[in-house]
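Peer 1: Have a look at this one before I ask anything.
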Amino acid sequence: GLMTEAARCRERGGPTGITRINVTFDPNGTVASAVVSDPPLAGTTTGNCISTVMKRATVRPFDGQPASLTQRISIQ
């Protein structure tokens with residue numbers, strides 16, 4: 001799934017560790033934003049790769065305001 005794909009974002013010689021990504025879903029079920037906010041991966045190529053992967057996530061459409069969730073991802 002997407003979590004496995006995101007874990008493959010590690011770049012050779014790049015940072016490793018556990019990071020959090022904050023994913024916000026629009027009511028139509030698509031991702032409005034996916035932001036890696038924790039060091040050491042925030043602002044890195046690996047972090048950007050994780051964001052790109054997670055932006056492909058979808059959920060069932062829902063009523064109301066956009067909804068956010070925070071997911072932990074381990075890059076080893």
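We label chains A, B, ... in the order they appear in the structure tokens, count residues from 1 in each chain, and number ligands from 1 in the order shown.
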I'd like the contact shell of Ile75 of chain A - 12 Å cut-off, only C-alpha atoms, skipping same-chain residues fewer than 2 positions apart - returned as a list in words.

Peer 2: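 Final neighbour list, sorted by chain and number: Met3, Thr4, Glu5, Ala6, Ala7, Arg8, Cys9, Arg10, Glu11, Arg12, Gly13, Gly14, Pro15, Thr16, Gly17, Ile18, Thr19, Arg20, Pro40, Leu41, Thr46, Gly47, Cys49, Ile50, Arg72 and Ile73 of chain A.
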
Peer 1: Within 7 Å of Val31 of chain A, counting only C-alpha atoms, which residues qualify if same-chain residues fewer than 2 places away don't, as an MDAnalysis selection string?

Peer 2: chainID A and resid 23:26 29 33 55 57:58

Peer 1: Using the chain letters and numbers from this document, which residues of chain A does DSSP assign to alpha helix (DSSP H), as a list in words?

Peer 2: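 The alpha helix (DSSP H) subset of chain A is Leu2, Met3, Thr4, Glu5, Ala6, Ala7, Thr45, Thr46, Gly47, Asn48, Cys49, Ile50, Ser51, Thr52, Val53 and Met54 of chain A.
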
Peer 1: One decimal, in Å: what's the spacing between atom CA of Thr44 of chain A and atom CA of Pro66 of chain A?

Peer 2: 26.3 Å

Peer 1: Find the distance between atom CA of Asn22 of chain A and atom CA of Phe62 of chain A and write it in Å to one decimal.

Peer 2: 18.5 Å
